[in-house]
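Structure record follows, encoded as structure tokens.
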Amino acid sequence: MNALVAPYHSTEFDASKCVGRRAGDEDRHWSTFVFSAHQCKNAPVSGSDICETCQRHLAAAVAVGDPLLVGERHDWNGRVTDNNLDSLPRRSHIAGSVWFHESTASGKLIRREEETPRSARKAAGLPRAPRVPDLELTKFLRGDAPHLNIEELSGAARQISGQQLRDMLCSLYGKAAGAEEIGKFTSKPKMCAEIRRMMVAGAVPDPRFRAVYPKELAPAPAPAPAPAQLPPEGAAAGAASPAEDLIVDFGALLEEAETRAAVAEESLAAVKAELAALKAAVAALIA
């Protein structure tokens, strides 16, 4: 075990506990996270040096056709009593595996001075990332919270969900919230970029934006008209039906309209007479 790998493994173990090797803490300085190893804390099954859980992990590794543990990644990572790490699967991301040595030698795996930032959930030790309230996002769209870094909060921090970004874009496009698809904007970086663009005064909407909603949020179809109700059997022949109650007598309305038309015709005739007299007076003056 060389000096690069040794810090990730302990040479001491408790003989009264399961000797299965478990993945421990992640080292976030590597371009792909590398894990340390620790001894399983469970009690071994009677007659075995590993616990029931580690036995299942070993059986699962064998079941996928890799009994020598040379190819696939497994939850089974060998035994801590194996100081040479010979039982560590080739593709395990615990330091010291064949994957680790080959990747560092080829340059695919690089250790950096700065570690990859932790998500808000991991940094705070929470079971899930705390979400940025929708009210804060509304303030951001109004320009009242310009400090909000939506790219970082929706990315590594995982504090703004994809649905929240879709709802923000729907708001900018004048659409209802709740869309499950919005056209070509299929990733968080694309949605953030479009939000920034649409917040600029005079921005022209992208014709490829298309809000698609789940069925439960789609507008309900108009109800079908109710079938006509027949009069109950045995009803009186002259009884009025509901439709008859809606019949309107247009006789009075027609008479009133004809009266207004007659008055308008008389007024038009008077105007024509005055116009003819005016034309005659003008002709006389010219002569």
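We name chains A, B, ... following the order of the structure tokens; residues begin at 1 in each chain, and ligands are numbered from 1 as shown.
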Residue list (helix (DSSP H, G or I), DSSP) for segment 21-153 of chain A, as a ChimeraX atom specification
/A:52-63,98-106,120-124,134-142,150-153
Near His147 of chain A, within 12 Å and counting only C-alpha atoms, which residues show up once chain neighbours fewer than 6 positions away are dropped, as a list of chain:residue names?
A:Glu136, A:Leu137, A:Lys139, A:Phe140, A:Leu141, A:Leu153
Separation of atom CA of Arg111 of chain A from atom CA of Ser31 of chain A, in Å and rounded to one decimal
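Those two atoms sit 6.3 Å apart.
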Would you mind telling me which residue in A:Ser46, A:Glu26, A:Asp82, A:Arg210 lies nearest to Phe13 of chain A when using only C-alpha atoms?
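Using only C-alpha atoms, Phe13 of chain A sits closest to A:Asp82.
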Of the residues A:Met168, A:Ala105, A:Cys40, A:Ala156, which is the one nearest to Leu135 of chain A, using only C-alpha atoms?
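Checking each candidate against Leu135 of chain A, we get A:Met168 as the closest.
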Between atom CA of Thr81 of chain A and atom CA of Ile110 of chain A, what distance in Å does the model show, to one decimal?
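That distance, rounded to one decimal, is 28.5 Å.
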